[in-house]
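Novice: Input file: work.pdb. Contents: PDB, C-alpha atoms, pLDDT in the B column.
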```
MODEL        1
ATOM      1  CA  ARG K   1      40.274 -23.904   1.403  1.00 57.00           C
ATOM      2  CA  LEU K   2      38.251 -20.716   1.684  1.00 57.00           C
ATOM      3  CA  VAL K   3      37.145 -21.169  -1.929  1.00 58.00           C
ATOM      4  CA  GLU K   4      36.068 -24.730  -1.165  1.00 60.00           C
ATOM      5  CA  LEU K   5      34.248 -23.538   1.960  1.00 58.00           C
ATOM      6  CA  GLY K   6      32.406 -20.917  -0.057  1.00 61.00           C
ATOM      7  CA  PHE K   7      31.474 -23.438  -2.753  1.00 57.00           C
ATOM      8  CA  PHE K   8      30.103 -26.025  -0.323  1.00 63.00           C
ATOM      9  CA  PHE K   9      28.330 -23.753   2.176  1.00 66.00           C
ATOM     10  CA  PHE K  10      27.773 -20.325   0.554  1.00 67.00           C
ATOM     11  CA  ASN K  11      27.201 -21.148  -3.097  1.00 66.00           C
ATOM     12  CA  LEU K  12      24.823 -18.387  -4.197  1.00 68.00           C
ATOM     13  CA  GLU K  13      24.559 -19.706  -7.747  1.00 69.00           C
ATOM     14  CA  LEU K  14      23.095 -22.969  -6.499  1.00 69.00           C
ATOM     15  CA  VAL K  15      20.820 -21.222  -4.000  1.00 70.00           C
ATOM     16  CA  GLN K  16      19.383 -19.089  -6.820  1.00 72.00           C
ATOM     17  CA  ASN K  17      17.883 -22.273  -8.238  1.00 68.00           C
ATOM     18  CA  ALA K  18      16.152 -23.012  -4.946  1.00 73.00           C
ATOM     19  CA  TRP K  19      15.351 -19.644  -3.365  1.00 76.00           C
ATOM     20  CA  THR K  20      11.877 -19.290  -4.955  1.00 77.00           C
ATOM     21  CA  THR K  21      10.786 -22.635  -3.529  1.00 78.00           C
ATOM     22  CA  LEU K  22      12.305 -21.853  -0.133  1.00 79.00           C
ATOM     23  CA  LEU K  23      10.642 -18.444   0.056  1.00 81.00           C
ATOM     24  CA  GLU K  24       7.232 -19.954  -0.738  1.00 82.00           C
ATOM     25  CA  VAL K  25       7.742 -22.546   1.983  1.00 82.00           C
ATOM     26  CA  PHE K  26       8.925 -19.782   4.337  1.00 84.00           C
ATOM     27  CA  LEU K  27       5.559 -18.044   3.958  1.00 85.00           C
ATOM     28  CA  THR K  28       3.797 -21.293   4.894  1.00 85.00           C
ATOM     29  CA  HIS K  29       6.128 -21.645   7.881  1.00 83.00           C
ATOM     30  CA  LEU K  30       5.371 -18.060   8.921  1.00 87.00           C
ATOM     31  CA  LEU K  31       1.613 -18.646   8.593  1.00 88.00           C
ATOM     32  CA  LEU K  32       1.821 -21.726  10.818  1.00 90.00           C
ATOM     33  CA  ALA K  33       3.903 -19.966  13.459  1.00 89.00           C
ATOM     34  CA  VAL K  34       1.920 -16.711  13.616  1.00 91.00           C
ATOM     35  CA  CYS K  35      -1.528 -18.339  13.668  1.00 94.00           C
ATOM     36  CA  ALA K  36      -0.439 -20.895  16.274  1.00 94.00           C
ATOM     37  CA  GLU K  37       0.997 -18.190  18.540  1.00 93.00           C
ATOM     38  CA  ILE K  38      -2.103 -16.011  18.281  1.00 94.00           C
ATOM     39  CA  MET K  39      -4.227 -19.026  19.170  1.00 95.00           C
ATOM     40  CA  SER K  40      -1.948 -20.080  22.043  1.00 95.00           C
ATOM     41  CA  THR K  41      -1.825 -16.556  23.502  1.00 94.00           C
ATOM     42  CA  VAL K  42      -5.617 -16.159  23.514  1.00 95.00           C
ATOM     43  CA  ILE K  43      -6.289 -19.614  24.977  1.00 96.00           C
ATOM     44  CA  GLY K  44      -3.405 -19.431  27.452  1.00 95.00           C
ATOM     45  CA  LEU K  45      -4.427 -16.001  28.735  1.00 94.00           C
ATOM     46  CA  VAL K  46      -8.077 -17.054  29.138  1.00 94.00           C
ATOM     47  CA  LEU K  47      -7.043 -20.212  31.000  1.00 94.00           C
ATOM     48  CA  ALA K  48      -4.755 -18.249  33.325  1.00 93.00           C
ATOM     49  CA  ILE K  49      -7.447 -15.646  34.067  1.00 92.00           C
ATOM     50  CA  VAL K  50     -10.105 -18.278  34.767  1.00 91.00           C
ATOM     51  CA  SER K  51      -7.673 -20.220  36.946  1.00 89.00           C
ATOM     52  CA  SER K  52      -6.975 -17.111  39.037  1.00 86.00           C
ATOM     53  CA  PHE K  53     -10.627 -16.951  40.114  1.00 84.00           C
ATOM     54  CA  ASP K  54     -10.268 -20.300  41.961  1.00 79.00           C
ATOM     55  CA  ILE K  55     -13.453 -21.938  40.682  1.00 83.00           C
ATOM     56  CA  PRO K  56     -12.911 -25.599  41.736  1.00 87.00           C
ATOM     57  CA  VAL K  57     -14.449 -27.373  38.706  1.00 89.00           C
ATOM     58  CA  LEU K  58     -12.817 -25.077  36.150  1.00 90.00           C
ATOM     59  CA  HIS K  59      -9.528 -25.157  38.041  1.00 88.00           C
ATOM     60  CA  LEU K  60      -9.421 -28.963  37.801  1.00 92.00           C
ATOM     61  CA  PHE K  61     -10.247 -28.790  34.088  1.00 93.00           C
ATOM     62  CA  ILE K  62      -7.416 -26.305  33.485  1.00 93.00           C
ATOM     63  CA  ILE K  63      -4.926 -28.462  35.407  1.00 93.00           C
ATOM     64  CA  ALA K  64      -5.927 -31.479  33.286  1.00 95.00           C
ATOM     65  CA  TYR K  65      -5.708 -29.416  30.075  1.00 95.00           C
ATOM     66  CA  VAL K  66      -2.245 -28.064  30.876  1.00 94.00           C
ATOM     67  CA  ASP K  67      -0.875 -31.434  31.984  1.00 94.00           C
ATOM     68  CA  LEU K  68      -2.287 -33.216  28.930  1.00 95.00           C
ATOM     69  CA  PHE K  69      -0.965 -30.882  26.257  1.00 94.00           C
ATOM     70  CA  ARG K  70       2.395 -30.323  27.940  1.00 92.00           C
ATOM     71  CA  ALA K  71       2.967 -34.076  28.215  1.00 91.00           C
ATOM     72  CA  MET K  72       1.716 -35.111  24.760  1.00 92.00           C
ATOM     73  CA  PRO K  73       4.354 -34.977  21.985  1.00 92.00           C
ATOM     74  CA  ILE K  74       3.402 -32.442  19.324  1.00 92.00           C
ATOM     75  CA  ILE K  75       3.920 -34.909  16.488  1.00 91.00           C
ATOM     76  CA  VAL K  76       1.414 -37.321  18.096  1.00 93.00           C
ATOM     77  CA  LEU K  77      -1.084 -34.483  18.573  1.00 94.00           C
ATOM     78  CA  MET K  78      -0.711 -33.454  14.931  1.00 93.00           C
ATOM     79  CA  MET K  79      -1.309 -36.980  13.697  1.00 92.00           C
ATOM     80  CA  LEU K  80      -4.346 -37.433  15.955  1.00 94.00           C
ATOM     81  CA  ILE K  81      -5.926 -34.231  14.665  1.00 94.00           C
ATOM     82  CA  TYR K  82      -5.110 -34.846  11.008  1.00 93.00           C
ATOM     83  CA  TYR K  83      -5.588 -38.617  10.748  1.00 92.00           C
ATOM     84  CA  ALA K  84      -7.924 -39.588  13.617  1.00 92.00           C
ATOM     85  CA  LEU K  85     -10.553 -36.819  13.519  1.00 92.00           C
ATOM     86  CA  PRO K  86     -11.775 -37.819  10.014  1.00 91.00           C
ATOM     87  CA  PHE K  87     -13.044 -41.088  11.565  1.00 91.00           C
ATOM     88  CA  MET K  88     -15.305 -38.882  13.711  1.00 90.00           C
ATOM     89  CA  GLY K  89     -16.530 -36.937  10.673  1.00 90.00           C
ATOM     90  CA  ILE K  90     -14.205 -33.952  11.239  1.00 91.00           C
ATOM     91  CA  ARG K  91     -11.899 -33.317   8.308  1.00 92.00           C
ATOM     92  CA  LEU K  92      -9.328 -30.551   8.595  1.00 92.00           C
ATOM     93  CA  SER K  93      -6.644 -29.458   6.154  1.00 91.00           C
ATOM     94  CA  ALA K  94      -3.017 -30.120   6.964  1.00 90.00           C
ATOM     95  CA  ILE K  95      -2.380 -26.409   7.626  1.00 91.00           C
ATOM     96  CA  VAL K  96      -5.327 -26.110  10.040  1.00 93.00           C
ATOM     97  CA  SER K  97      -4.323 -29.347  11.778  1.00 94.00           C
ATOM     98  CA  GLY K  98      -0.771 -28.074  12.219  1.00 93.00           C
ATOM     99  CA  ILE K  99      -1.976 -24.750  13.616  1.00 94.00           C
ATOM    100  CA  LEU K 100      -4.326 -26.508  16.051  1.00 95.00           C
ATOM    101  CA  ALA K 101      -1.660 -28.899  17.295  1.00 94.00           C
ATOM    102  CA  LEU K 102       0.978 -26.204  17.739  1.00 94.00           C
ATOM    103  CA  GLY K 103      -1.527 -23.794  19.282  1.00 95.00           C
ATOM    104  CA  LEU K 104      -2.912 -26.304  21.791  1.00 95.00           C
ATOM    105  CA  ASN K 105       0.555 -27.411  22.864  1.00 95.00           C
ATOM    106  CA  SER K 106       1.890 -23.876  23.188  1.00 95.00           C
ATOM    107  CA  SER K 107      -1.235 -22.624  25.001  1.00 95.00           C
ATOM    108  CA  ALA K 108      -0.493 -24.959  27.916  1.00 95.00           C
ATOM    109  CA  TYR K 109       2.907 -23.314  28.382  1.00 95.00           C
ATOM    110  CA  VAL K 110       1.508 -19.812  27.804  1.00 95.00           C
ATOM    111  CA  SER K 111      -1.108 -20.434  30.488  1.00 94.00           C
ATOM    112  CA  GLU K 112       1.594 -21.314  33.012  1.00 93.00           C
ATOM    113  CA  ILE K 113       3.659 -18.268  31.996  1.00 93.00           C
ATOM    114  CA  PHE K 114       0.710 -15.934  32.569  1.00 94.00           C
ATOM    115  CA  ARG K 115      -0.192 -17.696  35.818  1.00 91.00           C
ATOM    116  CA  ALA K 116       3.350 -17.115  37.096  1.00 90.00           C
ATOM    117  CA  GLY K 117       3.023 -13.476  36.072  1.00 90.00           C
ATOM    118  CA  PHE K 118      -0.210 -13.143  38.043  1.00 89.00           C
ATOM    119  CA  LEU K 119       1.374 -14.725  41.110  1.00 87.00           C
ATOM    120  CA  SER K 120       4.187 -12.159  40.977  1.00 84.00           C
ATOM    121  CA  ILE K 121       1.701  -9.386  41.823  1.00 85.00           C
ATOM    122  CA  LYS K 122       1.758  -8.575  45.522  1.00 82.00           C
ATOM    123  CA  LYS K 123      -1.418  -9.451  47.427  1.00 82.00           C
ATOM    124  CA  GLY K 124      -1.428  -5.986  48.995  1.00 81.00           C
ATOM    125  CA  GLN K 125      -2.222  -4.434  45.611  1.00 83.00           C
ATOM    126  CA  ILE K 126      -5.129  -6.801  45.077  1.00 80.00           C
ATOM    127  CA  GLU K 127      -6.463  -6.051  48.570  1.00 80.00           C
ATOM    128  CA  ALA K 128      -6.079  -2.312  47.923  1.00 83.00           C
ATOM    129  CA  SER K 129      -8.022  -2.544  44.667  1.00 83.00           C
ATOM    130  CA  SER K 130     -10.787  -4.422  46.487  1.00 80.00           C
ATOM    131  CA  ALA K 131     -10.863  -1.710  49.157  1.00 82.00           C
ATOM    132  CA  LEU K 132     -11.280   0.887  46.397  1.00 81.00           C
ATOM    133  CA  GLY K 133     -14.399  -0.927  45.196  1.00 80.00           C
ATOM    134  CA  LEU K 134     -13.017  -2.729  42.146  1.00 81.00           C
ATOM    135  CA  ASN K 135     -14.616  -6.098  41.388  1.00 82.00           C
ATOM    136  CA  PRO K 136     -12.418  -9.118  40.465  1.00 81.00           C
ATOM    137  CA  ILE K 137     -12.743  -8.492  36.719  1.00 83.00           C
ATOM    138  CA  GLN K 138     -11.782  -4.809  37.084  1.00 84.00           C
ATOM    139  CA  THR K 139      -8.887  -5.764  39.345  1.00 84.00           C
ATOM    140  CA  MET K 140      -7.661  -8.218  36.721  1.00 85.00           C
ATOM    141  CA  ARG K 141      -7.992  -5.655  33.930  1.00 83.00           C
ATOM    142  CA  PHE K 142      -6.572  -2.540  35.597  1.00 82.00           C
ATOM    143  CA  VAL K 143      -4.200  -3.890  38.253  1.00 84.00           C
ATOM    144  CA  ILE K 144      -2.982  -7.422  37.535  1.00 86.00           C
ATOM    145  CA  LEU K 145      -2.731  -7.638  33.728  1.00 86.00           C
ATOM    146  CA  PRO K 146      -0.708  -4.415  33.126  1.00 84.00           C
ATOM    147  CA  GLN K 147       1.901  -5.457  35.699  1.00 83.00           C
ATOM    148  CA  ALA K 148       1.925  -9.135  34.722  1.00 85.00           C
ATOM    149  CA  PHE K 149       2.725  -8.316  31.082  1.00 83.00           C
ATOM    150  CA  ARG K 150       5.999  -6.718  32.182  1.00 81.00           C
ATOM    151  CA  VAL K 151       6.986 -10.006  33.816  1.00 83.00           C
ATOM    152  CA  VAL K 152       5.817 -12.451  31.141  1.00 87.00           C
ATOM    153  CA  ILE K 153       7.234 -10.842  27.985  1.00 85.00           C
ATOM    154  CA  PRO K 154      10.720 -12.512  28.073  1.00 82.00           C
ATOM    155  CA  PRO K 155       9.479 -16.091  28.749  1.00 86.00           C
ATOM    156  CA  LEU K 156       6.568 -15.544  26.366  1.00 89.00           C
ATOM    157  CA  VAL K 157       8.885 -14.615  23.502  1.00 85.00           C
ATOM    158  CA  GLY K 158      11.102 -17.593  24.340  1.00 84.00           C
ATOM    159  CA  ASN K 159       8.060 -19.833  24.079  1.00 88.00           C
ATOM    160  CA  TYR K 160       7.108 -18.254  20.742  1.00 88.00           C
ATOM    161  CA  VAL K 161      10.561 -18.966  19.312  1.00 85.00           C
ATOM    162  CA  ALA K 162      10.515 -22.574  20.543  1.00 85.00           C
ATOM    163  CA  SER K 163       7.020 -23.125  19.150  1.00 86.00           C
ATOM    164  CA  ALA K 164       7.979 -21.610  15.781  1.00 84.00           C
ATOM    165  CA  LYS K 165      10.857 -24.075  15.557  1.00 83.00           C
ATOM    166  CA  ASP K 166       8.432 -26.909  16.297  1.00 87.00           C
ATOM    167  CA  THR K 167       6.716 -26.209  12.968  1.00 85.00           C
ATOM    168  CA  ALA K 168       9.394 -28.513  11.534  1.00 82.00           C
ATOM    169  CA  LEU K 169       7.267 -31.382  12.902  1.00 86.00           C
ATOM    170  CA  ALA K 170       4.460 -30.416  10.518  1.00 86.00           C
ATOM    171  CA  SER K 171       6.196 -32.455   7.827  1.00 83.00           C
ATOM    172  CA  SER K 172       4.667 -35.511   9.544  1.00 85.00           C
ATOM    173  CA  ILE K 173       1.233 -34.476   8.217  1.00 87.00           C
ATOM    174  CA  SER K 174       2.362 -33.744   4.647  1.00 80.00           C
ATOM    175  CA  ILE K 175       3.172 -30.054   5.128  1.00 81.00           C
ATOM    176  CA  ILE K 176       6.372 -29.074   3.361  1.00 76.00           C
ATOM    177  CA  GLU K 177       7.876 -26.700   5.927  1.00 74.00           C
ATOM    178  CA  LEU K 178      11.089 -24.699   5.836  1.00 76.00           C
ATOM    179  CA  LEU K 179      13.616 -27.148   7.272  1.00 77.00           C
ATOM    180  CA  LYS K 180      12.167 -30.042   5.266  1.00 77.00           C
ATOM    181  CA  ALA K 181      12.383 -27.965   2.076  1.00 79.00           C
ATOM    182  CA  GLY K 182      15.980 -27.007   2.879  1.00 78.00           C
ATOM    183  CA  LEU K 183      16.945 -30.637   3.375  1.00 77.00           C
ATOM    184  CA  SER K 184      15.215 -31.603   0.102  1.00 80.00           C
ATOM    185  CA  GLN K 185      17.061 -28.890  -1.820  1.00 76.00           C
ATOM    186  CA  LYS K 186      20.321 -29.951  -0.166  1.00 77.00           C
ATOM    187  CA  SER K 187      19.814 -33.510  -1.419  1.00 76.00           C
ATOM    188  CA  LEU K 188      18.690 -32.343  -4.852  1.00 75.00           C
ATOM    189  CA  LEU K 189      21.672 -30.026  -5.368  1.00 73.00           C
ATOM    190  CA  ALA K 190      24.146 -32.206  -3.433  1.00 75.00           C
ATOM    191  CA  ASN K 191      25.240 -29.072  -1.592  1.00 73.00           C
ATOM    192  CA  PRO K 192      24.423 -27.759   1.933  1.00 76.00           C
ATOM    193  CA  SER K 193      24.131 -24.116   0.793  1.00 76.00           C
ATOM    194  CA  PRO K 194      20.278 -24.198   0.849  1.00 77.00           C
ATOM    195  CA  LEU K 195      20.458 -25.027   4.574  1.00 81.00           C
ATOM    196  CA  ILE K 196      22.552 -21.902   5.149  1.00 81.00           C
ATOM    197  CA  PHE K 197      19.876 -19.914   3.317  1.00 82.00           C
ATOM    198  CA  VAL K 198      17.206 -21.533   5.509  1.00 82.00           C
ATOM    199  CA  THR K 199      19.212 -20.525   8.583  1.00 83.00           C
ATOM    200  CA  ALA K 200      19.254 -16.936   7.301  1.00 83.00           C
ATOM    201  CA  LEU K 201      15.455 -17.028   6.967  1.00 82.00           C
ATOM    202  CA  TYR K 202      15.157 -18.302  10.545  1.00 83.00           C
ATOM    203  CA  LEU K 203      17.318 -15.382  11.690  1.00 85.00           C
ATOM    204  CA  VAL K 204      15.161 -12.947   9.722  1.00 83.00           C
ATOM    205  CA  MET K 205      12.127 -14.299  11.552  1.00 81.00           C
ATOM    206  CA  PHE K 206      13.472 -14.642  15.103  1.00 80.00           C
ATOM    207  CA  VAL K 207      16.016 -11.851  15.621  1.00 83.00           C
ATOM    208  CA  PRO K 208      13.493  -8.985  15.121  1.00 83.00           C
ATOM    209  CA  LEU K 209      11.102 -10.761  17.490  1.00 78.00           C
ATOM    210  CA  THR K 210      13.666 -11.022  20.281  1.00 78.00           C
ATOM    211  CA  ARG K 211      14.837  -7.425  19.707  1.00 82.00           C
ATOM    212  CA  PHE K 212      11.238  -6.164  19.772  1.00 77.00           C
ATOM    213  CA  SER K 213      10.567  -8.003  23.031  1.00 74.00           C
ATOM    214  CA  GLY K 214      13.658  -6.374  24.557  1.00 74.00           C
ATOM    215  CA  TYR K 215      12.415  -2.975  23.394  1.00 77.00           C
ATOM    216  CA  LEU K 216       8.984  -3.568  24.928  1.00 73.00           C
ATOM    217  CA  GLU K 217      10.541  -4.725  28.180  1.00 70.00           C
ATOM    218  CA  LYS K 218      12.659  -1.564  28.430  1.00 76.00           C
ATOM    219  CA  ARG K 219       9.673   0.655  27.631  1.00 73.00           C
ATOM    220  CA  MET K 220       7.542  -1.000  30.297  1.00 67.00           C
ATOM    221  CA  LYS K 221      10.303  -0.710  32.901  1.00 68.00           C
ATOM    222  CA  ALA K 222      10.762   2.962  32.027  1.00 67.00           C
ATOM    223  CA  SER K 223       7.023   3.648  32.339  1.00 61.00           C
ATOM    224  CA  GLN K 224       6.996   1.813  35.675  1.00 60.00           C
ATOM    225  CA  ARG K 225       9.798   4.066  36.990  1.00 61.00           C
ATOM    226  CA  GLN K 226       7.889   7.164  35.873  1.00 55.00           C
ATOM    227  CA  VAL K 227       4.767   5.977  37.702  1.00 48.00           C
ATOM    228  CA  ARG K 228       6.793   5.442  40.899  1.00 53.00           C
ATOM    229  CA  LEU K 229       8.295   8.933  40.614  1.00 50.00           C
TER     230      LEU K 229
ENDMDL
END
```
Show the structure stored in the file as C-alpha cells.

Specialist:
Amino acid sequence: RLVELGFFFFNLELVQNAWTTLLEVFLTHLLLAVCAEIMSTVIGLVLAIVSSFDIPVLHLFIIAYVDLFRAMPIIVLMMLIYYALPFMGIRLSAIVSGILALGLNSSAYVSEIFRAGFLSIKKGQIEASSALGLNPIQTMRFVILPQAFRVVIPPLVGNYVASAKDTALASSISIIELLKAGLSQKSLLANPSPLIFVTALYLVMFVPLTRFSGYLEKRMKASQRQVRL
C-alpha cells in the first residue's frame, strides 16, 4: 500500500515531466502576489492615514471605497477590468488586470487593518505629541505609525497569505496560475503528484513569510520593552 501511495501521490518521475512548466507558472503566481500586495499596502496605508484626519468628504469616499471592494467578488472585479474597460478605450494585459483586481480588493482590507492599528494608540499619546508642538503629520509619522506597525503585522501577513491564494481566480481572465497548472498536469498525467508539488511550492512561498512576520513581531516587542526600561 505504501508503494501504491508513493506512486499515486509522490511520483517524482512523473513530476519531472511537469516541474519546468510548474516552476514557470510559479514565477507568474509570485509576480501577481507580490505586485498586488505592494499595491494594496500603499493604497491601504494612504486610505487609513487620510481617514484618520477626519475630513468629511474624503472620509465618506473612503467608506464607499472600502465597502465596495470588500463586497465585490474578486472574480467579478477581474472580469470587469479585463473585459469591460476595453469598451472605454482602456486595454490592459491579463497580468496587469489581475494585479489591479487583487490589489484593489486587498487594499480595502489593509486599510481597515491599519485603521484598527491607529485606533489602538492611546489618545493620551496623541495629546502629548500635540502639547510638544508636533503637527498632525509629524504625530502620524513619529508617534502613531511606529506603534501601529507592531499591532498590524500579524493580521497584515494573514491578509497577504489569503490574497496570494486568491491568485487562483486569475485563471478566469486567461492567466495560467499555479493551481490551474497543477490541475492541468494532473489531468494530463492521470496522477495527482503534480498537485503535491504545487502544494510544496505554496509552502515555500508562505512559510517563510509567516516565520518572518513572527520574527519582526518579536523584534518590535523587544525594542518596545527596551524603550520602556

Novice: Determine, counting only C-alpha atoms, which protein, DNA and RNA residues have an atom within 7 Å of an atom of K:Arg70; residues of the same chain fewer than 2 positions away are not included. Present the result as a PyMOL selection string.

Specialist: chain K and resi 66-68+72+105+108

Novice: Just want the 10 Å neighbourhood of K:Ala116, counted on only C-alpha atoms, with same-chain residues fewer than 3 positions away dropped. Output as a PDB file with C-alpha atoms, keeping the file's coordinate frame.

Specialist:
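Produced file part11.pdb, reproduced below:
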```
ATOM      1  CA  ALA K  48      -4.755 -18.249  33.325  1.00 93.00           C
ATOM      2  CA  VAL K 110       1.508 -19.812  27.804  1.00 95.00           C
ATOM      3  CA  SER K 111      -1.108 -20.434  30.488  1.00 94.00           C
ATOM      4  CA  GLU K 112       1.594 -21.314  33.012  1.00 93.00           C
ATOM      5  CA  ILE K 113       3.659 -18.268  31.996  1.00 93.00           C
ATOM      6  CA  LEU K 119       1.374 -14.725  41.110  1.00 87.00           C
ATOM      7  CA  SER K 120       4.187 -12.159  40.977  1.00 84.00           C
ATOM      8  CA  ILE K 121       1.701  -9.386  41.823  1.00 85.00           C
ATOM      9  CA  ALA K 148       1.925  -9.135  34.722  1.00 85.00           C
ATOM     10  CA  VAL K 151       6.986 -10.006  33.816  1.00 83.00           C
ATOM     11  CA  VAL K 152       5.817 -12.451  31.141  1.00 87.00           C
TER      12      VAL K 152
END
```

Novice: For atom CA of K:Ile63 and atom CA of K:Ile126, determine how far apart the two atoms are, in Å to one decimal place.

Specialist: 23.7 Å

Novice: My list of candidates is K:Ala168, K:Val143, K:Met79, K:Leu178. Which is closest to K:Ala94 when distances are computed with all atoms listed in the file?

Specialist: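 Among the listed residues, the smallest separation from K:Ala94 belongs to K:Met79.
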
Novice: I'd like the neighbourhood of K:Tyr82 as an mmCIF file with C-alpha atoms, keeping the file's coordinate frame, where a residue qualifies if any of its atoms comes within 8 Å (using all atoms listed in the file), though same-chain residues fewer than 6 positions away should be ignored.

Specialist:
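Output below, filename part_16.cif:
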```
data_model
loop_
_atom_site.group_PDB
_atom_site.id
_atom_site.type_symbol
_atom_site.label_atom_id
_atom_site.label_comp_id
_atom_site.auth_asym_id
_atom_site.auth_seq_id
_atom_site.Cartn_x
_atom_site.Cartn_y
_atom_site.Cartn_z
ATOM 1 C CA ARG K 91 -11.899 -33.317 8.308
ATOM 2 C CA LEU K 92 -9.328 -30.551 8.595
ATOM 3 C CA SER K 93 -6.644 -29.458 6.154
ATOM 4 C CA ALA K 94 -3.017 -30.120 6.964
ATOM 5 C CA SER K 97 -4.323 -29.347 11.778
ATOM 6 C CA ILE K 173 1.233 -34.476 8.217
#
```

Novice: Considering all atoms listed in the file, can you say which of K:Thr167, K:Thr199, K:Ser213, K:Ser172 comes closest to K:Leu32?

Specialist: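 Smallest separation from K:Leu32 among the options: K:Thr167.
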
Novice: Using all atoms listed in the file, which residue out of K:Ala36, K:Met205, K:Leu169, K:Val161 lies closest to K:Gly103?

Specialist: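 Checking each candidate against K:Gly103, we get K:Ala36 as the closest.
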
Novice: K:Leu31: which residues within 12 Å, counting only C-alpha atoms, same-chain residues fewer than 4 positions away excluded, as a list in words?

Specialist: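 So the residues in contact are Glu24, Val25, Phe26, Leu27, Cys35, Ala36, Glu37, Ile38, Ile95, Val96, Gly98, Ile99, Leu102, Ala164, Thr167, Glu177, Leu178 and Met205 of chain K.
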
Novice: Under the rule that all atoms listed in the file are counted, which of K:Leu104, K:Leu189, K:Leu145, K:Leu209 is the nearest residue to K:Ser52?

Specialist: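 Answer, going by the shortest atom-to-atom distance: K:Leu145.
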